[in-house]
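One file, work06.cif, is given below (mmCIF, C-alpha atoms (C1' of nucleotides)).
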```cif
data_run
#
loop_
_atom_site.label_atom_id
_atom_site.label_comp_id
_atom_site.auth_asym_id
_atom_site.auth_seq_id
_atom_site.Cartn_x
_atom_site.Cartn_y
_atom_site.Cartn_z
CA MET A 1 50.61 5.91 -15.49
CA PRO A 2 48.86 4.36 -12.51
CA ASP A 3 45.49 5.88 -11.85
CA GLU A 4 44.03 6.40 -8.41
CA PRO A 5 46.53 4.91 -5.99
CA ALA A 6 43.73 4.46 -3.46
CA GLN A 7 42.70 1.17 -4.97
CA GLN A 8 46.08 -0.50 -5.20
CA GLY A 9 46.44 -3.90 -3.65
CA GLN A 10 42.78 -4.59 -4.23
CA ARG A 11 41.48 -7.55 -6.07
CA ALA A 12 40.72 -6.90 -9.71
CA ASP A 13 36.98 -7.32 -9.26
CA ALA A 14 36.95 -4.94 -6.30
CA GLN A 15 38.74 -2.31 -8.32
CA ARG A 16 36.35 -2.78 -11.22
CA ASN A 17 33.37 -2.41 -8.92
CA ARG A 18 34.80 0.70 -7.34
CA GLU A 19 35.10 2.33 -10.71
CA ARG A 20 31.62 1.27 -11.74
CA ILE A 21 30.19 2.71 -8.52
CA LEU A 22 31.92 6.03 -9.03
CA GLU A 23 30.69 6.28 -12.57
CA ALA A 24 27.13 5.43 -11.59
CA ALA A 25 27.29 7.80 -8.62
CA GLY A 26 28.32 10.65 -10.87
CA GLU A 27 25.31 10.03 -13.08
CA VAL A 28 22.76 9.48 -10.34
CA LEU A 29 23.88 12.39 -8.18
CA GLY A 30 23.91 14.51 -11.29
CA GLU A 31 20.25 13.71 -11.79
CA GLN A 32 18.98 13.59 -8.21
CA GLY A 33 21.46 15.66 -6.22
CA THR A 34 23.64 14.78 -3.24
CA GLN A 35 20.68 13.25 -1.41
CA ALA A 36 20.06 10.67 -4.14
CA SER A 37 19.18 7.15 -3.12
CA LEU A 38 22.31 5.06 -2.69
CA ARG A 39 20.27 2.05 -3.69
CA ASP A 40 19.82 3.73 -7.05
CA VAL A 41 23.56 4.21 -7.31
CA ALA A 42 24.21 0.54 -6.53
CA ARG A 43 21.49 -0.50 -8.95
CA ARG A 44 22.89 1.60 -11.78
CA ALA A 45 26.38 0.29 -11.07
CA GLY A 46 25.05 -3.27 -11.27
CA VAL A 47 26.36 -3.95 -7.81
CA GLY A 48 24.92 -5.02 -4.47
CA LEU A 49 24.18 -2.49 -1.78
CA GLY A 50 26.73 -4.12 0.52
CA THR A 51 29.41 -3.63 -2.09
CA LEU A 52 28.69 0.05 -2.32
CA TYR A 53 28.84 0.48 1.44
CA ARG A 54 32.07 -1.47 1.72
CA HIS A 55 33.79 0.76 -0.80
CA PHE A 56 32.26 3.95 0.56
CA PRO A 57 31.14 3.56 4.17
CA THR A 58 29.33 6.89 4.21
CA ARG A 59 27.65 9.12 1.70
CA ASP A 60 30.30 11.73 2.43
CA ALA A 61 33.07 9.29 1.57
CA LEU A 62 31.51 8.71 -1.84
CA LEU A 63 31.00 12.41 -2.34
CA GLU A 64 34.56 13.14 -1.32
CA THR A 65 35.95 10.77 -3.92
CA LEU A 66 33.71 12.29 -6.56
CA LEU A 67 34.74 15.80 -5.68
CA ARG A 68 38.39 15.49 -4.74
CA THR A 69 39.64 16.29 -8.22
CA GLY A 70 37.39 19.32 -8.32
CA PHE A 71 38.72 20.52 -4.98
CA ASP A 72 42.25 20.14 -6.18
CA GLN A 73 41.52 22.04 -9.35
CA LEU A 74 39.91 24.84 -7.38
CA ALA A 75 42.95 25.02 -5.14
CA GLU A 76 45.22 25.17 -8.19
CA GLU A 77 43.00 27.83 -9.68
CA ALA A 78 43.44 29.88 -6.52
CA GLY A 79 47.18 29.50 -6.87
CA ARG A 80 47.11 30.61 -10.49
CA LEU A 81 45.01 33.64 -9.60
CA LEU A 82 47.46 34.57 -6.86
CA ASP A 83 50.25 34.76 -9.40
CA ALA A 84 48.17 36.28 -12.16
CA ASP A 85 48.44 39.91 -13.09
CA LEU A 86 44.99 40.86 -11.85
CA PRO A 87 43.55 43.33 -9.37
CA SER A 88 43.37 41.33 -6.18
CA GLU A 89 39.63 41.77 -5.71
CA ARG A 90 39.13 40.68 -9.32
CA ALA A 91 41.10 37.51 -8.65
CA LEU A 92 38.98 36.81 -5.60
CA ALA A 93 35.75 37.39 -7.48
CA ASP A 94 36.89 35.10 -10.26
CA TRP A 95 37.63 32.34 -7.82
CA ILE A 96 34.27 32.64 -6.09
CA SER A 97 32.57 32.60 -9.46
CA GLU A 98 34.42 29.45 -10.42
CA PHE A 99 33.57 27.90 -7.07
CA THR A 100 29.86 28.60 -7.34
CA LEU A 101 29.78 27.28 -10.87
CA ARG A 102 31.27 23.99 -9.75
CA SER A 103 28.99 23.76 -6.72
CA GLY A 104 26.18 23.61 -9.19
CA THR A 105 27.17 20.19 -10.52
CA PHE A 106 25.07 18.43 -7.87
CA ARG A 107 21.96 19.82 -6.33
CA GLY A 108 22.34 20.03 -2.57
CA LEU A 109 26.09 20.27 -2.78
CA PRO A 110 26.37 23.66 -1.07
CA ALA A 111 24.54 22.25 1.95
CA SER A 112 26.78 19.21 2.01
CA LEU A 113 29.86 21.41 1.91
CA MET A 114 28.63 23.72 4.63
CA ALA A 115 27.87 20.73 6.81
CA THR A 116 31.57 19.90 6.90
CA LEU A 117 32.15 23.08 8.90
CA GLY A 118 30.49 21.56 11.92
CA ASP A 119 31.57 17.97 11.38
CA PRO A 120 35.37 17.47 11.44
CA ASP A 121 34.91 13.71 11.14
CA SER A 122 33.28 13.95 7.76
CA ALA A 123 35.26 12.47 4.92
CA LEU A 124 34.67 15.71 3.06
CA HIS A 125 36.12 17.82 5.84
CA ALA A 126 39.79 17.34 5.04
CA SER A 127 39.78 17.95 1.31
CA CYS A 128 37.38 20.81 1.78
CA LEU A 129 39.63 22.37 4.40
CA ALA A 130 42.60 22.19 2.09
CA MET A 131 40.77 24.07 -0.61
CA ARG A 132 39.46 26.58 1.90
CA GLU A 133 42.96 27.35 3.07
CA THR A 134 44.20 28.04 -0.41
CA ALA A 135 41.25 30.31 -0.97
CA GLY A 136 42.10 31.96 2.34
CA ARG A 137 45.46 32.95 0.93
CA LEU A 138 43.72 34.60 -1.99
CA LEU A 139 41.53 36.48 0.45
CA ARG A 140 44.43 37.66 2.61
CA ALA A 141 46.32 38.81 -0.44
CA ALA A 142 43.36 40.94 -1.43
CA GLN A 143 43.08 42.30 2.09
CA GLU A 144 46.74 43.29 2.08
CA THR A 145 46.20 45.43 -0.98
CA GLY A 146 43.49 47.20 0.99
CA ARG A 147 40.85 46.35 -1.59
CA ILE A 148 38.93 43.92 0.62
CA ARG A 149 37.73 44.77 4.10
CA PRO A 150 39.89 43.28 6.83
CA ASP A 151 37.09 42.03 9.08
CA VAL A 152 36.35 39.01 6.92
CA ASP A 153 37.90 35.60 7.40
CA GLY A 154 38.14 32.48 5.30
CA THR A 155 35.09 30.95 6.89
CA ASP A 156 33.00 34.01 6.06
CA LEU A 157 34.19 33.76 2.49
CA PHE A 158 33.36 30.08 2.31
CA ALA A 159 29.95 30.66 3.83
CA LEU A 160 29.13 33.45 1.41
CA ALA A 161 30.30 31.52 -1.61
CA ASN A 162 28.21 28.56 -0.54
CA ALA A 163 25.23 30.74 0.16
CA LEU A 164 25.46 32.10 -3.35
CA SER A 165 25.59 28.59 -4.78
CA TRP A 166 22.73 27.63 -2.51
CA ILE A 167 20.56 30.43 -3.84
CA ALA A 168 21.28 29.35 -7.37
CA ASP A 169 20.31 25.78 -6.71
CA GLN A 170 17.01 26.57 -5.03
CA ALA A 171 15.14 27.73 -8.12
CA PRO A 172 16.14 27.95 -11.77
CA SER A 173 14.44 31.33 -11.97
CA ILE A 174 16.85 32.89 -9.51
CA ALA A 175 19.89 31.03 -10.78
CA ALA A 176 20.00 33.52 -13.62
CA ARG A 177 20.74 36.27 -11.10
CA ARG A 178 23.85 34.49 -9.86
CA ASP A 179 26.36 36.86 -11.42
CA HIS A 180 24.35 39.84 -10.34
CA LEU A 181 24.28 38.65 -6.74
CA LEU A 182 27.97 37.92 -6.90
CA THR A 183 28.84 41.49 -7.80
CA LEU A 184 26.59 42.58 -4.98
CA ILE A 185 28.42 40.41 -2.49
CA MET A 186 31.77 41.54 -3.87
CA ASP A 187 30.72 45.13 -3.28
CA GLY A 188 29.93 44.17 0.28
CA LEU A 189 33.37 42.65 0.63
CA ALA A 190 35.04 45.73 -0.78
CA ASN A 191 36.86 47.98 1.61
CA SER A 192 35.00 51.26 1.03
CA GLY A 193 37.57 53.70 2.36
CA ALA A 194 36.52 54.87 5.81
CA ARG A 195 34.55 52.58 8.08
CA MET B 1 -13.12 36.94 20.31
CA PRO B 2 -13.32 33.96 17.99
CA ASP B 3 -9.96 32.42 17.28
CA GLU B 4 -8.91 30.98 13.97
CA PRO B 5 -11.94 31.18 11.69
CA ALA B 6 -10.48 28.42 9.55
CA GLN B 7 -11.93 25.70 11.74
CA GLN B 8 -15.48 26.90 11.97
CA GLY B 9 -18.23 24.44 11.16
CA GLN B 10 -16.05 21.58 12.22
CA ARG B 11 -17.01 19.04 14.80
CA ALA B 12 -15.73 19.80 18.26
CA ASP B 13 -13.37 16.82 18.30
CA ALA B 14 -11.94 17.78 14.93
CA GLN B 15 -11.24 21.28 16.14
CA ARG B 16 -9.62 19.95 19.30
CA ASN B 17 -7.40 17.63 17.27
CA ARG B 18 -6.42 20.41 14.94
CA GLU B 19 -5.21 22.47 17.84
CA ARG B 20 -3.38 19.55 19.39
CA ILE B 21 -1.63 18.85 16.12
CA LEU B 22 -0.51 22.44 15.74
CA GLU B 23 0.83 22.52 19.28
CA ALA B 24 2.69 19.25 18.83
CA ALA B 25 3.98 20.35 15.44
CA GLY B 26 5.43 23.51 16.96
CA GLU B 27 7.32 21.46 19.51
CA VAL B 28 8.53 18.73 17.20
CA LEU B 29 9.59 21.03 14.37
CA GLY B 30 11.30 23.19 16.98
CA GLU B 31 13.38 20.20 17.97
CA GLN B 32 13.92 18.47 14.63
CA GLY B 33 13.45 21.19 12.03
CA THR B 34 11.06 21.46 9.12
CA GLN B 35 11.95 17.96 7.93
CA ALA B 36 10.81 16.33 11.16
CA SER B 37 8.90 13.08 11.00
CA LEU B 38 5.19 13.71 10.69
CA ARG B 39 4.61 10.46 12.53
CA ASP B 40 6.36 12.03 15.48
CA VAL B 41 4.05 15.02 15.26
CA ALA B 42 0.97 12.78 15.21
CA ARG B 43 2.37 10.70 18.04
CA ARG B 44 3.05 13.72 20.21
CA ALA B 45 -0.40 15.09 19.44
CA GLY B 46 -1.92 11.78 20.51
CA VAL B 47 -3.58 11.45 17.15
CA GLY B 48 -3.54 9.00 14.26
CA LEU B 49 -1.49 9.64 11.20
CA GLY B 50 -4.60 9.80 9.06
CA THR B 51 -5.99 12.56 11.22
CA LEU B 52 -2.89 14.64 10.75
CA TYR B 53 -2.97 14.23 6.98
CA ARG B 54 -6.68 15.07 6.82
CA HIS B 55 -6.15 18.35 8.63
CA PHE B 56 -2.93 19.18 6.79
CA PRO B 57 -2.69 17.36 3.47
CA THR B 58 0.90 18.39 2.92
CA ARG B 59 3.85 19.31 5.06
CA ASP B 60 3.72 22.79 3.56
CA ALA B 61 0.10 23.21 4.66
CA LEU B 62 1.09 22.46 8.24
CA LEU B 63 4.07 24.76 8.02
CA GLU B 64 1.96 27.52 6.54
CA THR B 65 -0.49 27.41 9.43
CA LEU B 66 2.37 27.44 11.91
CA LEU B 67 4.03 30.40 10.23
CA ARG B 68 1.11 32.52 9.04
CA THR B 69 1.07 34.67 12.18
CA GLY B 70 4.78 35.21 11.88
CA PHE B 71 4.43 36.27 8.25
CA ASP B 72 1.72 38.72 9.18
CA GLN B 73 3.83 40.17 11.96
CA LEU B 74 6.77 40.56 9.61
CA ALA B 75 4.55 42.36 7.13
CA GLU B 76 3.28 44.66 9.87
CA GLU B 77 6.82 45.26 10.98
CA ALA B 78 7.72 46.33 7.46
CA GLY B 79 4.80 48.76 7.56
CA ARG B 80 5.93 50.20 10.86
CA LEU B 81 9.46 50.62 9.58
CA LEU B 82 8.16 52.42 6.50
CA ASP B 83 6.50 55.01 8.71
CA ALA B 84 9.25 55.18 11.27
CA ASP B 85 11.68 58.05 11.42
CA LEU B 86 14.69 56.05 10.35
CA PRO B 87 17.25 56.24 7.55
CA SER B 88 15.73 54.09 4.85
CA GLU B 89 18.64 51.70 4.62
CA ARG B 90 18.54 51.32 8.39
CA ALA B 91 14.88 50.36 8.22
CA LEU B 92 15.65 47.79 5.55
CA ALA B 93 18.50 46.33 7.57
CA ASP B 94 16.32 46.11 10.64
CA TRP B 95 13.67 44.24 8.74
CA ILE B 96 16.14 41.75 7.29
CA SER B 97 17.59 41.23 10.74
CA GLU B 98 14.16 40.53 12.14
CA PHE B 99 13.41 38.19 9.26
CA THR B 100 16.57 36.15 9.70
CA LEU B 101 15.97 35.91 13.44
CA ARG B 102 12.54 34.44 12.86
CA SER B 103 13.76 32.09 10.13
CA GLY B 104 15.87 30.55 12.83
CA THR B 105 12.89 29.16 14.74
CA PHE B 106 12.93 25.94 12.72
CA ARG B 107 16.01 24.41 11.21
CA GLY B 108 15.57 24.03 7.47
CA LEU B 109 13.07 26.85 7.30
CA PRO B 110 15.10 29.03 4.89
CA ALA B 111 15.17 26.17 2.41
CA SER B 112 11.44 25.62 2.78
CA LEU B 113 10.80 29.29 2.14
CA MET B 114 13.07 29.47 -0.87
CA ALA B 115 11.35 26.43 -2.32
CA THR B 116 8.13 28.43 -2.57
CA LEU B 117 9.77 30.60 -5.22
CA GLY B 118 9.66 27.77 -7.70
CA ASP B 119 6.42 26.16 -6.55
CA PRO B 120 3.37 28.44 -6.83
CA ASP B 121 1.10 25.58 -5.75
CA SER B 122 2.71 25.32 -2.36
CA ALA B 123 0.47 26.27 0.54
CA LEU B 124 3.31 28.47 1.74
CA HIS B 125 3.52 30.38 -1.51
CA ALA B 126 0.63 32.78 -0.96
CA SER B 127 1.37 33.95 2.55
CA CYS B 128 5.04 34.14 1.71
CA LEU B 129 4.31 36.25 -1.35
CA ALA B 130 2.23 38.69 0.68
CA MET B 131 5.09 39.25 3.08
CA ARG B 132 7.56 39.55 0.24
CA GLU B 133 5.51 42.27 -1.36
CA THR B 134 5.38 44.34 1.79
CA ALA B 135 9.11 43.96 2.16
CA GLY B 136 9.41 45.00 -1.47
CA ARG B 137 7.80 48.33 -0.60
CA LEU B 138 10.43 48.84 2.07
CA LEU B 139 13.11 48.11 -0.49
CA ARG B 140 11.71 50.50 -3.10
CA ALA B 141 11.39 53.25 -0.51
CA ALA B 142 15.07 52.84 0.30
CA GLN B 143 15.92 52.87 -3.39
CA GLU B 144 14.01 56.10 -3.90
CA THR B 145 16.13 57.82 -1.30
CA GLY B 146 19.13 56.75 -3.34
CA ARG B 147 20.63 54.85 -0.43
CA ILE B 148 20.13 51.41 -1.93
CA ARG B 149 21.29 50.42 -5.39
CA PRO B 150 18.50 50.35 -7.93
CA ASP B 151 19.44 47.07 -9.64
CA VAL B 152 18.03 44.91 -6.87
CA ASP B 153 14.51 43.55 -6.78
CA GLY B 154 12.33 42.00 -4.13
CA THR B 155 13.32 38.50 -5.10
CA ASP B 156 16.99 39.33 -4.74
CA LEU B 157 16.27 40.70 -1.30
CA PHE B 158 14.31 37.63 -0.31
CA ALA B 159 17.02 35.34 -1.61
CA LEU B 160 19.75 37.18 0.24
CA ALA B 161 17.81 37.28 3.50
CA ASN B 162 17.14 33.59 3.22
CA ALA B 163 20.73 32.86 2.35
CA LEU B 164 21.81 34.67 5.48
CA SER B 165 19.39 32.63 7.59
CA TRP B 166 20.57 29.52 5.81
CA ILE B 167 24.18 30.20 6.71
CA ALA B 168 23.21 30.69 10.33
CA ASP B 169 21.36 27.41 10.48
CA GLN B 170 24.11 25.32 8.95
CA ALA B 171 26.52 25.42 11.87
CA PRO B 172 26.27 27.04 15.29
CA SER B 173 29.84 28.21 14.96
CA ILE B 174 29.01 30.45 12.04
CA ALA B 175 25.65 31.57 13.41
CA ALA B 176 27.55 33.95 15.67
CA ARG B 177 28.73 35.82 12.57
CA ARG B 178 25.17 36.51 11.47
CA ASP B 179 25.16 40.21 12.31
CA HIS B 180 28.57 40.62 10.81
CA LEU B 181 27.51 39.04 7.55
CA LEU B 182 24.37 41.13 7.55
CA THR B 183 26.32 44.39 7.63
CA LEU B 184 28.45 42.99 4.84
CA ILE B 185 25.43 42.28 2.70
CA MET B 186 23.94 45.66 3.54
CA ASP B 187 27.14 47.28 2.33
CA GLY B 188 26.74 45.35 -0.87
CA LEU B 189 23.20 46.63 -1.21
CA ALA B 190 24.28 50.21 -0.59
CA ASN B 191 24.38 52.56 -3.54
CA SER B 192 28.00 53.62 -3.49
CA GLY B 193 27.74 56.80 -5.53
CA ALA B 194 29.13 56.15 -9.00
CA ARG B 195 28.67 52.76 -10.58
"C1'" DT C 1 -33.24 9.11 21.08
"C1'" DA C 2 -31.96 7.40 16.70
"C1'" DG C 3 -29.88 8.18 12.12
"C1'" DT C 4 -26.03 9.72 9.78
"C1'" DA C 5 -22.41 12.39 8.02
"C1'" DA C 6 -18.10 13.63 9.65
"C1'" DG C 7 -14.14 12.26 11.71
"C1'" DC C 8 -10.87 8.90 13.53
"C1'" DG C 9 -6.64 6.06 13.49
"C1'" DG C 10 -3.73 2.56 12.17
"C1'" DA C 11 -2.71 -1.25 8.89
"C1'" DG C 12 -0.39 -1.41 4.72
"C1'" DC C 13 2.63 -0.16 0.71
"C1'" DA C 14 6.76 1.30 -1.28
"C1'" DG C 15 10.89 3.31 -0.43
"C1'" DC C 16 14.90 4.79 2.46
"C1'" DG C 17 19.76 4.16 5.13
"C1'" DC C 18 22.50 0.85 6.97
"C1'" DT C 19 24.17 -3.93 8.83
"C1'" DC C 20 25.25 -8.45 8.68
"C1'" DC C 21 26.56 -12.80 6.98
"C1'" DG C 22 26.40 -17.13 3.97
"C1'" DG C 23 28.13 -17.99 -0.39
"C1'" DT C 24 31.45 -16.99 -4.22
"C1'" DT C 25 35.75 -15.91 -6.47
"C1'" DG C 26 40.31 -13.97 -7.44
"C1'" DT C 27 44.96 -14.90 -6.12
"C1'" DC C 28 49.12 -17.00 -4.87
"C1'" DA C 29 51.93 -20.73 -3.03
"C1'" DA C 30 52.91 -25.36 -3.65
"C1'" DT D 1 47.74 -27.03 -12.37
"C1'" DT D 2 45.56 -27.17 -8.38
"C1'" DG D 3 44.11 -26.27 -3.87
"C1'" DA D 4 43.33 -23.29 0.12
"C1'" DC D 5 41.83 -19.12 1.86
"C1'" DA D 6 41.36 -14.35 2.46
"C1'" DA D 7 38.99 -11.02 0.20
"C1'" DC D 8 34.94 -9.78 -1.71
"C1'" DC D 9 30.15 -10.06 -3.16
"C1'" DG D 10 25.12 -9.18 -2.86
"C1'" DG D 11 20.82 -9.06 -0.88
"C1'" DA D 12 17.76 -10.32 3.06
"C1'" DG D 13 16.37 -7.91 6.98
"C1'" DC D 14 15.56 -4.08 10.50
"C1'" DG D 15 13.57 0.05 11.69
"C1'" DC D 16 12.44 4.12 9.87
"C1'" DT D 17 10.03 7.39 6.42
"C1'" DG D 18 5.81 9.63 3.55
"C1'" DC D 19 1.35 8.80 2.21
"C1'" DT D 20 -3.31 6.25 1.26
"C1'" DC D 21 -7.19 3.86 2.24
"C1'" DC D 22 -11.05 2.18 4.70
"C1'" DG D 23 -13.74 -0.12 8.57
"C1'" DC D 24 -15.13 1.68 12.90
"C1'" DT D 25 -16.63 5.37 16.18
"C1'" DT D 26 -18.67 9.53 17.62
"C1'" DA D 27 -20.63 14.16 17.78
"C1'" DC D 28 -24.35 16.48 16.13
"C1'" DT D 29 -29.30 17.20 14.77
"C1'" DA D 30 -33.89 16.44 13.64
#
```

Show how you would write the structure in this file as structure tokens.
Amino acid sequence: MPDEPAQQGQRADAQRNRERILEAAGEVLGEQGTQASLRDVARRAGVGLGTLYRHFPTRDALLETLLRTGFDQLAEEAGRLLDADLPSERALADWISEFTLRSGTFRGLPASLMATLGDPDSALHASCLAMRETAGRLLRAAQETGRIRPDVDGTDLFALANALSWIADQAPSIAARRDHLLTLIMDGLANSGAR
Amino acid sequence: MPDEPAQQGQRADAQRNRERILEAAGEVLGEQGTQASLRDVARRAGVGLGTLYRHFPTRDALLETLLRTGFDQLAEEAGRLLDADLPSERALADWISEFTLRSGTFRGLPASLMATLGDPDSALHASCLAMRETAGRLLRAAQETGRIRPDVDGTDLFALANALSWIADQAPSIAARRDHLLTLIMDGLANSGAR
DNA sequence: TAGTAAGCGGAGCAGCGCTCCGGTTGTCAA
DNA sequence: TTGACAACCGGAGCGCTGCTCCGCTTACTA
């Protein structure tokens, strides 16, 4: 079972360093957020700064590698929810909830994700887009049942989900209201008959 | 008509510098956002860095002085809306709209405002709190008419308004959806009969 | 006008992102 | 096994940041 095909053909030491960097990055970003010092990451990995930048030319590239699995899992989760025997708006709410939970792993992550909207060259853009599209299918399914208002698109959904995560990562005091605010937003998304 | 009592008893040059700094800060933060380089502000004001830090010991102190008038106006606006002959949820929506418009003056401002929630020592905290309380009265008034759900407090309102501003200042593309997202959030705030 | 407190401004420190390049080392062919 | 070399390493260095500290200047007042 070959892990991570991305590093095939590399020298053994390069591959070892890559793994060390990713491990250290997970720890450091977990403590300091997405804006953590990359010097700290290199230091913790026991690696030179140049080595870090060669493996991950931008902060986004590092972040993308750290998050890719999570994106994939969120996309799969959307697929599962599509097939599940659930009210469509319930499925949507569950997905958003899962999304905001995961966005909480690194402080500053919601901002980093939102930034990809305006920067198609970002390394994060592609894998983020893929997840967004799967979530979009979940949204459209819910709209087709008439449970979710039709004048909302995938980008709105993404923005709202990120905004919710953003709120939660601003202050611990308000993070406790996350679920409450989610139901509020879901009510806003609901298609309330007329209108 | 004496302006700005805060600088009374100061030497004339100190007062002059204070004004220069505020003017320069308005320009620089307008261009670069709330995280702009304070060196740039000092440079543009034609003043040493030490002078800037003596007048405004922290970035928040500078920001607070720049925003105080705006906070006051927003509080007054809330008062006006309370007395106005408007459906209560309409008044609330108008206030939020006004708030998010003003939060757009500096990029990064929503984040700076939210940060005051968890940092009572911030220079911004006090003037922000005053405005929040006036907005809270607007909220409660709307709740008493039964138009707005009762399980929402002033902090929720503040968080949501800031989140909306935050979305708008992430990417110009999504900023256009601001009003749309506002109606969505207002629908979420609405008290839809049962529940 | 002279004494002085208040104010000034930039040198300096530690840290940041990012680049660049001389030295090292893993790898593979001979 | 050994040698050659591409691949890789790591940190010095650049220009920036926030923030402090202190010798010099200047506006005020007695």

TODO: Taking the file above as input, evaluate the PyMOL selection byres ((chain A) within 9 of (chain C)) and report the hits as a PyMOL selection string.
DONE: chain A and resi 11-13+37-39+50+53

- [ ] Run the PyMOL selection byres ((chain D) within 10 of (chain B)) mentally over the shown coordinates, then write out the matched residues as an MDAnalysis selection string, using the chain letters and numbers from the document.
- [x] chainID D and resid 16:21 26:28

Take the residues from that selection and put them in a file with C-alpha atoms (C1' of nucleotides), as an mmCIF file, in the frame of the given file.
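Ended up saving to selection-v6.cif:
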```cif
data_model
loop_
_atom_site.group_PDB
_atom_site.id
_atom_site.type_symbol
_atom_site.label_atom_id
_atom_site.label_comp_id
_atom_site.auth_asym_id
_atom_site.auth_seq_id
_atom_site.Cartn_x
_atom_site.Cartn_y
_atom_site.Cartn_z
ATOM 1 C "C1'" DC D 16 12.440 4.120 9.870
ATOM 2 C "C1'" DT D 17 10.030 7.390 6.420
ATOM 3 C "C1'" DG D 18 5.810 9.630 3.550
ATOM 4 C "C1'" DC D 19 1.350 8.800 2.210
ATOM 5 C "C1'" DT D 20 -3.310 6.250 1.260
ATOM 6 C "C1'" DC D 21 -7.190 3.860 2.240
ATOM 7 C "C1'" DT D 26 -18.670 9.530 17.620
ATOM 8 C "C1'" DA D 27 -20.630 14.160 17.780
ATOM 9 C "C1'" DC D 28 -24.350 16.480 16.130
#
```

Task: Spatial neighbours of Ala142 in chain B, 6 Å, all atoms listed in the file, chain gap at least 6 places, as number ranges by chain - done: B: 88-89, 148

- [ ] Please report as a PyMOL selection string which residues of chain A come no farther than 12 Å from chain B, using all atoms listed in the file.
- [x] chain A and resi 108+110-120+148-193+195

Task: Gap from CA of Ala135 in chain B to CA of Arg107 in chain A - Å, one decimal - done: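 That distance, rounded to one decimal, is 28.6 Å.
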
Task: Interatomic distance, CA of Arg44 in chain A to CA of Arg16 in chain A (Å, one decimal) - done: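 Calculated distance between CA of Arg44 in chain A and CA of Arg16 in chain A is 14.2 Å.
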
TODO: For each of A:Ala84, A:Leu63, A:Ile21, A:Leu52, take the minimum atom-to-atom distance to Cys128 in chain A, counting all atoms listed in the file, then give the residue where this is smallest.
DONE: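 Among A:Ala84, A:Leu63, A:Ile21, A:Leu52, it is A:Leu63 that comes nearest to Cys128 in chain A.
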
Task: CA of Leu138 in chain A to CA of Asp83 in chain A, straight-line distance in Å - done: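 Calculated distance between CA of Asp83 in chain A and CA of Leu138 in chain A is 9.9 Å.
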